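Engineer: Below is the file query.cif, with mmCIF, N, CA and C atoms.
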data_data
#
loop_
_atom_site.label_atom_id
_atom_site.label_comp_id
_atom_site.auth_asym_id
_atom_site.auth_seq_id
_atom_site.Cartn_x
_atom_site.Cartn_y
_atom_site.Cartn_z
N THR A 27 -74.94 33.97 -74.76
CA THR A 27 -74.55 32.60 -74.98
C THR A 27 -73.07 32.42 -74.67
N TYR A 28 -72.67 31.21 -74.40
CA TYR A 28 -71.27 30.90 -74.12
C TYR A 28 -70.58 30.52 -75.43
N PRO A 29 -69.36 30.88 -75.69
CA PRO A 29 -68.54 31.82 -74.93
C PRO A 29 -68.93 33.27 -75.23
N ASN A 30 -68.54 34.16 -74.34
CA ASN A 30 -68.81 35.59 -74.52
C ASN A 30 -67.70 36.37 -73.83
N PRO A 31 -67.66 37.70 -73.96
CA PRO A 31 -66.55 38.48 -73.40
C PRO A 31 -66.38 38.39 -71.88
N TRP A 32 -67.39 37.90 -71.17
CA TRP A 32 -67.33 37.75 -69.72
C TRP A 32 -66.97 36.32 -69.31
N ASP A 33 -67.11 35.39 -70.23
CA ASP A 33 -66.97 33.98 -69.89
C ASP A 33 -66.44 33.19 -71.10
N PHE A 34 -65.14 32.98 -71.13
CA PHE A 34 -64.52 32.15 -72.17
C PHE A 34 -63.29 31.48 -71.55
N HIS A 35 -62.91 30.35 -72.08
CA HIS A 35 -61.84 29.56 -71.48
C HIS A 35 -60.89 29.02 -72.55
N ASN A 36 -59.67 28.74 -72.16
CA ASN A 36 -58.67 28.23 -73.09
C ASN A 36 -59.00 26.85 -73.65
N ASN A 37 -59.91 26.12 -73.04
CA ASN A 37 -60.25 24.81 -73.57
C ASN A 37 -61.38 24.87 -74.60
N ASP A 38 -61.84 26.08 -74.95
CA ASP A 38 -62.86 26.21 -76.00
C ASP A 38 -62.31 25.77 -77.34
N LYS A 39 -63.05 24.93 -78.04
CA LYS A 39 -62.63 24.43 -79.35
C LYS A 39 -62.49 25.55 -80.37
N LYS A 40 -63.24 26.62 -80.19
CA LYS A 40 -63.22 27.76 -81.12
C LYS A 40 -61.86 28.46 -81.16
N LEU A 41 -61.04 28.28 -80.13
CA LEU A 41 -59.73 28.94 -80.07
C LEU A 41 -58.66 28.22 -80.89
N ALA A 42 -58.97 27.03 -81.38
CA ALA A 42 -58.01 26.28 -82.21
C ALA A 42 -58.29 26.53 -83.68
N SER A 43 -57.21 26.56 -84.48
CA SER A 43 -57.36 26.71 -85.94
C SER A 43 -58.03 25.47 -86.52
N ALA A 44 -58.49 25.58 -87.75
CA ALA A 44 -59.21 24.47 -88.40
C ALA A 44 -58.35 23.20 -88.48
N ASP A 45 -57.04 23.36 -88.66
CA ASP A 45 -56.15 22.19 -88.75
C ASP A 45 -55.64 21.74 -87.38
N HIS A 46 -56.04 22.43 -86.34
CA HIS A 46 -55.66 22.15 -84.94
C HIS A 46 -54.14 22.25 -84.69
N TYR A 47 -53.43 22.90 -85.60
CA TYR A 47 -51.99 23.08 -85.43
C TYR A 47 -51.68 24.28 -84.54
N GLN A 48 -52.56 25.28 -84.56
CA GLN A 48 -52.36 26.51 -83.79
C GLN A 48 -53.56 26.78 -82.90
N LYS A 49 -53.29 27.47 -81.80
CA LYS A 49 -54.36 27.78 -80.87
C LYS A 49 -54.08 29.13 -80.21
N VAL A 50 -55.14 29.91 -79.98
CA VAL A 50 -55.06 31.15 -79.22
C VAL A 50 -55.25 30.78 -77.76
N VAL A 51 -54.34 31.28 -76.91
CA VAL A 51 -54.39 30.97 -75.48
C VAL A 51 -54.26 32.27 -74.69
N TYR A 52 -55.09 32.41 -73.66
CA TYR A 52 -55.09 33.61 -72.81
C TYR A 52 -54.46 33.30 -71.46
N TYR A 53 -53.78 34.31 -70.90
CA TYR A 53 -53.17 34.20 -69.59
C TYR A 53 -53.51 35.42 -68.77
N ASP A 54 -53.57 35.25 -67.46
CA ASP A 54 -53.79 36.36 -66.51
C ASP A 54 -55.04 37.17 -66.84
N LEU A 55 -56.14 36.49 -67.14
CA LEU A 55 -57.39 37.19 -67.44
C LEU A 55 -57.99 37.78 -66.17
N ASN A 56 -58.40 39.03 -66.27
CA ASN A 56 -59.06 39.74 -65.18
C ASN A 56 -60.15 40.63 -65.75
N GLU A 57 -61.12 40.97 -64.91
CA GLU A 57 -62.11 41.97 -65.32
C GLU A 57 -61.38 43.28 -65.55
N ILE A 58 -61.69 43.98 -66.64
CA ILE A 58 -61.01 45.25 -66.88
C ILE A 58 -61.52 46.34 -65.95
N ALA A 59 -62.68 46.12 -65.36
CA ALA A 59 -63.27 46.96 -64.31
C ALA A 59 -64.32 46.09 -63.62
N MET A 60 -64.83 46.52 -62.51
CA MET A 60 -65.80 45.73 -61.76
C MET A 60 -67.01 45.38 -62.63
N GLY A 61 -67.25 44.08 -62.84
CA GLY A 61 -68.38 43.62 -63.64
C GLY A 61 -68.17 43.73 -65.14
N ALA A 62 -67.03 44.22 -65.56
CA ALA A 62 -66.74 44.40 -66.99
C ALA A 62 -66.20 43.10 -67.59
N PRO A 63 -66.08 43.06 -68.91
CA PRO A 63 -65.52 41.87 -69.58
C PRO A 63 -64.06 41.62 -69.17
N LEU A 64 -63.55 40.49 -69.64
CA LEU A 64 -62.20 40.06 -69.30
C LEU A 64 -61.15 40.59 -70.27
N GLY A 65 -59.94 40.74 -69.76
CA GLY A 65 -58.80 41.12 -70.58
C GLY A 65 -57.54 40.51 -70.01
N GLY A 66 -56.59 40.21 -70.88
CA GLY A 66 -55.33 39.64 -70.42
C GLY A 66 -54.38 39.40 -71.58
N LYS A 67 -53.25 38.78 -71.28
CA LYS A 67 -52.25 38.49 -72.30
C LYS A 67 -52.76 37.37 -73.20
N CYS A 68 -52.38 37.47 -74.48
CA CYS A 68 -52.84 36.49 -75.46
C CYS A 68 -51.64 35.98 -76.25
N PHE A 69 -51.59 34.67 -76.45
CA PHE A 69 -50.48 34.03 -77.16
C PHE A 69 -51.02 33.11 -78.25
N LEU A 70 -50.18 32.86 -79.24
CA LEU A 70 -50.43 31.84 -80.26
C LEU A 70 -49.53 30.68 -79.90
N GLU A 71 -50.12 29.52 -79.67
CA GLU A 71 -49.35 28.32 -79.38
C GLU A 71 -49.52 27.34 -80.53
N THR A 72 -48.41 26.69 -80.90
CA THR A 72 -48.45 25.75 -82.02
C THR A 72 -48.25 24.32 -81.52
N ALA A 73 -48.56 23.38 -82.40
CA ALA A 73 -48.43 21.96 -82.06
C ALA A 73 -46.98 21.57 -81.77
N ASN A 74 -46.02 22.32 -82.32
CA ASN A 74 -44.60 22.00 -82.06
C ASN A 74 -44.05 22.84 -80.90
N ASN A 75 -44.94 23.25 -80.00
CA ASN A 75 -44.60 23.92 -78.74
C ASN A 75 -44.01 25.32 -78.87
N LYS A 76 -44.26 26.01 -79.96
CA LYS A 76 -43.89 27.43 -80.04
C LYS A 76 -44.97 28.23 -79.34
N LYS A 77 -44.55 29.29 -78.66
CA LYS A 77 -45.48 30.19 -77.95
C LYS A 77 -45.09 31.61 -78.31
N ILE A 78 -45.97 32.30 -79.02
CA ILE A 78 -45.68 33.64 -79.53
C ILE A 78 -46.71 34.61 -78.95
N LYS A 79 -46.22 35.67 -78.28
CA LYS A 79 -47.14 36.65 -77.70
C LYS A 79 -47.79 37.46 -78.81
N ILE A 80 -49.11 37.55 -78.74
CA ILE A 80 -49.88 38.35 -79.70
C ILE A 80 -50.01 39.77 -79.19
N HIS A 81 -50.46 39.92 -77.94
CA HIS A 81 -50.67 41.26 -77.38
C HIS A 81 -50.83 41.14 -75.86
N ASP A 82 -50.55 42.22 -75.15
CA ASP A 82 -50.64 42.22 -73.69
C ASP A 82 -52.04 42.40 -73.13
N TRP A 83 -52.99 42.94 -73.92
CA TRP A 83 -54.30 43.24 -73.36
C TRP A 83 -55.40 42.89 -74.35
N CYS A 84 -55.72 41.61 -74.43
CA CYS A 84 -56.74 41.12 -75.35
C CYS A 84 -57.99 40.73 -74.59
N GLY A 85 -59.10 40.80 -75.30
CA GLY A 85 -60.36 40.27 -74.79
C GLY A 85 -60.68 39.00 -75.54
N GLY A 86 -61.86 38.55 -75.40
CA GLY A 86 -62.20 37.32 -76.10
C GLY A 86 -63.70 37.22 -76.25
N PRO A 87 -64.11 36.17 -76.86
CA PRO A 87 -63.30 35.13 -77.46
C PRO A 87 -62.81 35.53 -78.85
N ALA A 88 -61.74 34.87 -79.29
CA ALA A 88 -61.20 35.07 -80.63
C ALA A 88 -61.97 34.19 -81.62
N ALA A 89 -61.81 34.47 -82.92
CA ALA A 89 -62.44 33.64 -83.95
C ALA A 89 -61.47 33.45 -85.11
N TRP A 90 -61.30 32.21 -85.52
CA TRP A 90 -60.44 31.89 -86.67
C TRP A 90 -61.21 32.06 -87.96
N GLU A 91 -60.52 32.57 -88.97
CA GLU A 91 -61.07 32.65 -90.32
C GLU A 91 -61.24 31.22 -90.82
N THR A 92 -62.22 30.99 -91.67
CA THR A 92 -62.57 29.63 -92.08
C THR A 92 -61.42 28.87 -92.73
N ASP A 93 -60.48 29.57 -93.37
CA ASP A 93 -59.32 28.89 -93.97
C ASP A 93 -58.22 28.61 -92.96
N GLY A 94 -58.30 29.21 -91.78
CA GLY A 94 -57.39 28.89 -90.69
C GLY A 94 -56.04 29.58 -90.70
N GLN A 95 -55.86 30.64 -91.48
CA GLN A 95 -54.59 31.37 -91.49
C GLN A 95 -54.68 32.72 -90.78
N LEU A 96 -55.89 33.20 -90.56
CA LEU A 96 -56.11 34.48 -89.89
C LEU A 96 -56.97 34.23 -88.66
N VAL A 97 -56.72 35.02 -87.63
CA VAL A 97 -57.56 34.95 -86.43
C VAL A 97 -57.86 36.37 -85.98
N SER A 98 -59.12 36.62 -85.62
CA SER A 98 -59.52 37.95 -85.14
C SER A 98 -59.63 37.90 -83.62
N ILE A 99 -59.10 38.95 -83.00
CA ILE A 99 -59.02 39.01 -81.55
C ILE A 99 -59.41 40.41 -81.09
N PRO A 100 -60.34 40.52 -80.15
CA PRO A 100 -60.63 41.84 -79.58
C PRO A 100 -59.45 42.31 -78.73
N ILE A 101 -59.01 43.54 -78.96
CA ILE A 101 -57.88 44.10 -78.23
C ILE A 101 -58.34 45.34 -77.47
N TRP A 102 -58.07 45.37 -76.17
CA TRP A 102 -58.41 46.52 -75.34
C TRP A 102 -57.38 47.62 -75.56
N THR A 103 -57.88 48.86 -75.62
CA THR A 103 -57.03 50.03 -75.84
C THR A 103 -57.58 51.19 -75.02
N ARG A 104 -56.69 52.00 -74.49
CA ARG A 104 -57.12 53.23 -73.83
C ARG A 104 -56.95 54.37 -74.82
N LYS A 105 -58.03 55.10 -75.07
CA LYS A 105 -58.02 56.21 -76.02
C LYS A 105 -58.32 57.51 -75.30
N PHE A 106 -57.58 58.55 -75.66
CA PHE A 106 -57.81 59.87 -75.11
C PHE A 106 -59.22 60.31 -75.47
N LEU A 107 -59.97 60.78 -74.52
CA LEU A 107 -61.35 61.26 -74.63
C LEU A 107 -62.39 60.15 -74.81
N LYS A 108 -62.00 58.94 -75.16
CA LYS A 108 -62.94 57.84 -75.32
C LYS A 108 -62.90 56.86 -74.16
N GLY A 109 -61.78 56.81 -73.46
CA GLY A 109 -61.63 55.85 -72.37
C GLY A 109 -61.15 54.51 -72.90
N THR A 110 -61.57 53.44 -72.25
CA THR A 110 -61.16 52.10 -72.64
C THR A 110 -62.14 51.57 -73.68
N VAL A 111 -61.61 51.21 -74.83
CA VAL A 111 -62.41 50.69 -75.95
C VAL A 111 -61.75 49.42 -76.47
N GLN A 112 -62.44 48.77 -77.39
CA GLN A 112 -61.85 47.62 -78.06
C GLN A 112 -61.68 47.91 -79.54
N GLN A 113 -60.65 47.30 -80.09
CA GLN A 113 -60.39 47.34 -81.52
C GLN A 113 -60.21 45.90 -81.99
N ILE A 114 -60.41 45.67 -83.26
CA ILE A 114 -60.23 44.33 -83.80
C ILE A 114 -58.77 44.17 -84.22
N GLY A 115 -58.16 43.12 -83.69
CA GLY A 115 -56.83 42.73 -84.12
C GLY A 115 -56.96 41.53 -85.03
N VAL A 116 -56.24 41.53 -86.14
CA VAL A 116 -56.25 40.39 -87.06
C VAL A 116 -54.83 39.89 -87.18
N LEU A 117 -54.61 38.66 -86.72
CA LEU A 117 -53.29 38.04 -86.79
C LEU A 117 -53.21 37.18 -88.04
N ASP A 118 -52.24 37.49 -88.89
CA ASP A 118 -51.93 36.67 -90.06
C ASP A 118 -50.84 35.69 -89.63
N THR A 119 -51.18 34.42 -89.49
CA THR A 119 -50.23 33.43 -88.97
C THR A 119 -49.18 33.02 -90.00
N ARG A 120 -49.41 33.31 -91.27
CA ARG A 120 -48.37 33.01 -92.29
C ARG A 120 -47.23 34.01 -92.19
N ASN A 121 -47.57 35.31 -92.07
CA ASN A 121 -46.56 36.37 -92.03
C ASN A 121 -46.22 36.82 -90.61
N MET A 122 -46.94 36.29 -89.64
CA MET A 122 -46.78 36.66 -88.23
C MET A 122 -46.87 38.18 -88.05
N GLU A 123 -47.95 38.74 -88.61
CA GLU A 123 -48.23 40.17 -88.49
C GLU A 123 -49.58 40.36 -87.82
N LEU A 124 -49.62 41.28 -86.87
CA LEU A 124 -50.86 41.65 -86.21
C LEU A 124 -51.27 43.03 -86.71
N LYS A 125 -52.44 43.10 -87.32
CA LYS A 125 -53.00 44.38 -87.75
C LYS A 125 -54.07 44.77 -86.74
N ILE A 126 -53.91 45.95 -86.15
CA ILE A 126 -54.94 46.49 -85.27
C ILE A 126 -55.69 47.53 -86.08
N LEU A 127 -56.97 47.26 -86.31
CA LEU A 127 -57.77 48.11 -87.18
C LEU A 127 -58.29 49.32 -86.41
N ARG A 128 -58.44 50.43 -87.10
CA ARG A 128 -58.69 51.73 -86.48
C ARG A 128 -60.02 51.84 -85.75
N LYS A 129 -61.09 51.32 -86.30
CA LYS A 129 -62.43 51.49 -85.71
C LYS A 129 -62.46 50.95 -84.29
N SER A 130 -63.16 51.66 -83.40
CA SER A 130 -63.25 51.22 -82.01
C SER A 130 -64.67 50.80 -81.66
N PHE A 131 -64.77 49.96 -80.64
CA PHE A 131 -66.03 49.39 -80.19
C PHE A 131 -66.08 49.47 -78.67
N SER A 132 -67.27 49.27 -78.10
CA SER A 132 -67.41 49.25 -76.64
C SER A 132 -66.96 47.90 -76.10
N VAL A 133 -67.68 46.84 -76.45
CA VAL A 133 -67.34 45.48 -76.06
C VAL A 133 -67.63 44.58 -77.25
N LEU A 134 -66.61 43.93 -77.77
CA LEU A 134 -66.79 43.06 -78.93
C LEU A 134 -67.11 41.64 -78.50
N ASP A 135 -68.07 41.06 -79.18
CA ASP A 135 -68.40 39.64 -79.04
C ASP A 135 -68.31 39.06 -80.45
N ILE A 136 -67.11 38.65 -80.84
CA ILE A 136 -66.88 38.13 -82.20
C ILE A 136 -67.42 36.71 -82.27
N ARG A 137 -68.25 36.45 -83.25
CA ARG A 137 -68.89 35.14 -83.39
C ARG A 137 -68.29 34.30 -84.52
N SER A 138 -67.92 34.93 -85.64
CA SER A 138 -67.34 34.16 -86.74
C SER A 138 -66.50 35.06 -87.64
N PHE A 139 -65.71 34.42 -88.49
CA PHE A 139 -64.78 35.13 -89.38
C PHE A 139 -64.74 34.31 -90.67
N ASP A 140 -65.37 34.83 -91.71
CA ASP A 140 -65.46 34.12 -92.98
C ASP A 140 -64.87 34.96 -94.09
N LYS A 141 -63.84 34.42 -94.74
CA LYS A 141 -63.08 35.13 -95.78
C LYS A 141 -62.53 36.42 -95.19
N ALA A 142 -63.05 37.58 -95.59
CA ALA A 142 -62.53 38.85 -95.06
C ALA A 142 -63.53 39.55 -94.14
N THR A 143 -64.59 38.85 -93.74
CA THR A 143 -65.64 39.48 -92.96
C THR A 143 -65.75 38.86 -91.56
N ILE A 144 -65.74 39.75 -90.57
CA ILE A 144 -65.90 39.35 -89.17
C ILE A 144 -67.33 39.68 -88.75
N TYR A 145 -67.99 38.71 -88.11
CA TYR A 145 -69.36 38.87 -87.67
C TYR A 145 -69.42 38.79 -86.14
N GLY A 146 -70.28 39.60 -85.56
CA GLY A 146 -70.45 39.54 -84.11
C GLY A 146 -71.34 40.65 -83.63
N TYR A 147 -71.09 41.07 -82.37
CA TYR A 147 -71.90 42.09 -81.73
C TYR A 147 -71.01 43.07 -80.99
N ASP A 148 -71.46 44.31 -80.92
CA ASP A 148 -70.83 45.31 -80.07
C ASP A 148 -71.83 45.59 -78.96
N SER A 149 -71.34 45.69 -77.74
CA SER A 149 -72.18 45.92 -76.57
C SER A 149 -73.26 44.85 -76.46
N PRO A 150 -72.86 43.58 -76.28
CA PRO A 150 -73.84 42.49 -76.32
C PRO A 150 -74.89 42.52 -75.21
N ILE A 151 -74.70 43.31 -74.16
CA ILE A 151 -75.68 43.34 -73.07
C ILE A 151 -76.57 44.58 -73.12
N HIS A 152 -76.02 45.72 -73.54
CA HIS A 152 -76.76 46.98 -73.50
C HIS A 152 -76.64 47.68 -74.85
N LYS A 153 -77.79 47.98 -75.46
CA LYS A 153 -77.82 48.65 -76.76
C LYS A 153 -76.99 47.89 -77.79
N THR A 154 -77.28 46.62 -77.94
CA THR A 154 -76.54 45.72 -78.83
C THR A 154 -76.62 46.17 -80.28
N LYS A 155 -75.45 46.15 -80.93
CA LYS A 155 -75.36 46.46 -82.36
C LYS A 155 -74.71 45.27 -83.05
N THR A 156 -75.24 44.90 -84.22
CA THR A 156 -74.65 43.83 -85.01
C THR A 156 -73.41 44.37 -85.70
N VAL A 157 -72.34 43.57 -85.71
CA VAL A 157 -71.10 43.96 -86.36
C VAL A 157 -70.88 43.06 -87.57
N THR A 158 -70.76 43.68 -88.74
CA THR A 158 -70.34 43.00 -89.97
C THR A 158 -69.17 43.83 -90.47
N PHE A 159 -67.98 43.32 -90.31
CA PHE A 159 -66.75 44.10 -90.45
C PHE A 159 -65.88 43.51 -91.55
N ASP A 160 -65.71 44.24 -92.65
CA ASP A 160 -64.87 43.79 -93.76
C ASP A 160 -63.44 44.29 -93.52
N ILE A 161 -62.52 43.39 -93.22
CA ILE A 161 -61.15 43.79 -92.86
C ILE A 161 -60.39 44.40 -94.03
N GLU A 162 -60.83 44.13 -95.25
CA GLU A 162 -60.14 44.70 -96.42
C GLU A 162 -60.52 46.14 -96.67
N LYS A 163 -61.62 46.60 -96.10
CA LYS A 163 -62.09 47.97 -96.31
C LYS A 163 -61.76 48.90 -95.14
N GLU A 164 -61.25 48.35 -94.05
CA GLU A 164 -60.98 49.15 -92.86
C GLU A 164 -59.53 49.61 -92.81
N LYS A 165 -59.32 50.75 -92.20
CA LYS A 165 -57.98 51.30 -92.06
C LYS A 165 -57.22 50.62 -90.94
N ILE A 166 -55.93 50.42 -91.17
CA ILE A 166 -55.06 49.82 -90.18
C ILE A 166 -54.47 50.94 -89.33
N GLU A 167 -54.61 50.82 -88.00
CA GLU A 167 -54.02 51.81 -87.10
C GLU A 167 -52.59 51.44 -86.75
N VAL A 168 -52.35 50.15 -86.50
CA VAL A 168 -51.02 49.67 -86.11
C VAL A 168 -50.76 48.34 -86.80
N LEU A 169 -49.54 48.16 -87.28
CA LEU A 169 -49.08 46.88 -87.85
C LEU A 169 -47.87 46.44 -87.05
N ILE A 170 -47.98 45.26 -86.42
CA ILE A 170 -46.91 44.75 -85.56
C ILE A 170 -46.38 43.44 -86.13
N LYS A 171 -45.10 43.37 -86.33
CA LYS A 171 -44.46 42.12 -86.74
C LYS A 171 -44.12 41.34 -85.48
N LEU A 172 -44.69 40.16 -85.32
CA LEU A 172 -44.45 39.35 -84.12
C LEU A 172 -43.16 38.55 -84.27
N THR A 173 -42.43 38.43 -83.20
CA THR A 173 -41.20 37.67 -83.23
C THR A 173 -41.49 36.25 -82.75
N GLN A 174 -40.85 35.32 -83.42
CA GLN A 174 -41.10 33.91 -83.12
C GLN A 174 -40.09 33.33 -82.19
#
With the file now loaded, output its structure as structure tokens.

Structural biologist:
Amino acid sequence: TYPNPWDFHNNDKKLASADHYQKVVYYDLNEIAMGAPLGGKCFLETANNKKIKIHDWCGGPAAWETDGQLVSIPIWTRKFLKGTVQQIGVLDTRNMELKILRKSFSVLDIRSFDKATIYGYDSPIHKTKTVTFDIEKEKIEVLIKLTQ
């Protein structure tokens, strides 16, 4: 279904926060390999024209938490012995901190984010697995303070 990791666009309503003050925007999206999902730079843009880089290699689509202060974003990472994988990044827009959680996935298709739980699919085309991911129970691999 649309949107998915192969087909998502910046005009998707899902990329805006509930209050429509903030929006996740992607730039320079390309296939990460022939026929593979998309990856590119990801920014947080606000209604007062601030543009803050979230990460250099994000996938999509992102999903806002129902209260609109957190957003989950698939982040591409190269891992020794595993190759290119995705990890879940959670951006806290109040503190401007990006937490990249340790667990890795093949291809994330994040569908929703309610309270502390992210719902979606891993490998949505081949050997699909349902993802129910509690961000409060997972280990943080990297914590990045974003500059405004």

Engineer: On this structure, which residues satisfy the PyMOL selection byres ((chain A and resi 138) around 8), written as a PDB file with N, CA and C atoms, in the frame of the given file?

Structural biologist:
ATOM      1  N   ALA A  88     -61.740  34.870 -79.290  1.00  0.00           N
ATOM      2  CA  ALA A  88     -61.200  35.070 -80.630  1.00  0.00           C
ATOM      3  C   ALA A  88     -61.970  34.190 -81.620  1.00  0.00           C
ATOM      4  N   ALA A  89     -61.810  34.470 -82.920  1.00  0.00           N
ATOM      5  CA  ALA A  89     -62.440  33.640 -83.950  1.00  0.00           C
ATOM      6  C   ALA A  89     -61.470  33.450 -85.110  1.00  0.00           C
ATOM      7  N   TRP A  90     -61.300  32.210 -85.520  1.00  0.00           N
ATOM      8  CA  TRP A  90     -60.440  31.890 -86.670  1.00  0.00           C
ATOM      9  C   TRP A  90     -61.210  32.060 -87.960  1.00  0.00           C
ATOM     10  N   GLU A  91     -60.520  32.570 -88.970  1.00  0.00           N
ATOM     11  CA  GLU A  91     -61.070  32.650 -90.320  1.00  0.00           C
ATOM     12  C   GLU A  91     -61.240  31.220 -90.820  1.00  0.00           C
ATOM     13  N   THR A  92     -62.220  30.990 -91.670  1.00  0.00           N
ATOM     14  CA  THR A  92     -62.570  29.630 -92.080  1.00  0.00           C
ATOM     15  C   THR A  92     -61.420  28.870 -92.730  1.00  0.00           C
ATOM     16  N   SER A  98     -59.120  36.620 -85.620  1.00  0.00           N
ATOM     17  CA  SER A  98     -59.520  37.950 -85.140  1.00  0.00           C
ATOM     18  C   SER A  98     -59.630  37.900 -83.620  1.00  0.00           C
ATOM     19  N   ASP A 135     -68.070  41.060 -79.180  1.00  0.00           N
ATOM     20  CA  ASP A 135     -68.400  39.640 -79.040  1.00  0.00           C
ATOM     21  C   ASP A 135     -68.310  39.060 -80.450  1.00  0.00           C
ATOM     22  N   ILE A 136     -67.110  38.650 -80.840  1.00  0.00           N
ATOM     23  CA  ILE A 136     -66.880  38.130 -82.200  1.00  0.00           C
ATOM     24  C   ILE A 136     -67.420  36.710 -82.270  1.00  0.00           C
ATOM     25  N   ARG A 137     -68.250  36.450 -83.250  1.00  0.00           N
ATOM     26  CA  ARG A 137     -68.890  35.140 -83.390  1.00  0.00           C
ATOM     27  C   ARG A 137     -68.290  34.300 -84.520  1.00  0.00           C
ATOM     28  N   PHE A 139     -65.710  34.420 -88.490  1.00  0.00           N
ATOM     29  CA  PHE A 139     -64.780  35.130 -89.380  1.00  0.00           C
ATOM     30  C   PHE A 139     -64.740  34.310 -90.670  1.00  0.00           C
ATOM     31  N   ASP A 140     -65.370  34.830 -91.710  1.00  0.00           N
ATOM     32  CA  ASP A 140     -65.460  34.120 -92.980  1.00  0.00           C
ATOM     33  C   ASP A 140     -64.870  34.960 -94.090  1.00  0.00           C
ATOM     34  N   LYS A 141     -63.840  34.420 -94.740  1.00  0.00           N
ATOM     35  CA  LYS A 141     -63.080  35.130 -95.780  1.00  0.00           C
ATOM     36  C   LYS A 141     -62.530  36.420 -95.190  1.00  0.00           C
ATOM     37  N   THR A 143     -64.590  38.850 -93.740  1.00  0.00           N
ATOM     38  CA  THR A 143     -65.640  39.480 -92.960  1.00  0.00           C
ATOM     39  C   THR A 143     -65.750  38.860 -91.560  1.00  0.00           C
ATOM     40  N   ILE A 144     -65.740  39.750 -90.570  1.00  0.00           N
ATOM     41  CA  ILE A 144     -65.900  39.350 -89.170  1.00  0.00           C
ATOM     42  C   ILE A 144     -67.330  39.680 -88.750  1.00  0.00           C
ATOM     43  N   TYR A 145     -67.990  38.710 -88.110  1.00  0.00           N
ATOM     44  CA  TYR A 145     -69.360  38.870 -87.670  1.00  0.00           C
ATOM     45  C   TYR A 145     -69.420  38.790 -86.140  1.00  0.00           C
ATOM     46  N   GLY A 146     -70.280  39.600 -85.560  1.00  0.00           N
ATOM     47  CA  GLY A 146     -70.450  39.540 -84.110  1.00  0.00           C
ATOM     48  C   GLY A 146     -71.340  40.650 -83.630  1.00  0.00           C
ATOM     49  N   TYR A 147     -71.090  41.070 -82.370  1.00  0.00           N
ATOM     50  CA  TYR A 147     -71.900  42.090 -81.730  1.00  0.00           C
ATOM     51  C   TYR A 147     -71.010  43.070 -80.990  1.00  0.00           C
TER      52      TYR A 147
END

Engineer: Restricting the calculation to only C-alpha atoms, which member of A:Asn36, A:Gln174, A:Ser132, A:Gln48 is positioned closest to Gly109 in chain A?

Structural biologist: A:Ser132

Engineer: Using only N, CA and C atoms, find the one residue out of A:His46, A:His35, A:Lys67, A:Lys153 that sits nearest to Asp82 in chain A.

Structural biologist: A:Lys67

Engineer: I'd like the interatomic distance between CA of Leu117 in chain A and atom C of Glu57 in chain A, to a tenth of an Å.

Structural biologist: 23.3 Å

Engineer: In Å, rounded to a single decimal, give me how far CA of Gln95 in chain A is from atom N of Asn121 in chain A.

Structural biologist: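 Those two atoms sit 8.1 Å apart.
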
Engineer: Out of chain A, which residues get strand (DSSP E) from DSSP, as a ChimeraX atom specification?

Structural biologist: /A:48-57,64-72,77-84,89-90,96-105,109-118,123-131,134-140,143-148,155-160,166-171

Engineer: Name the residues in contact with Thr103 in chain A at a cut-off of 8 Å, using all atoms listed in the file, excluding same-chain residues fewer than 6 positions from it; report them as an NGL selection string.

Structural biologist: :A and (83-84 or 109-113)
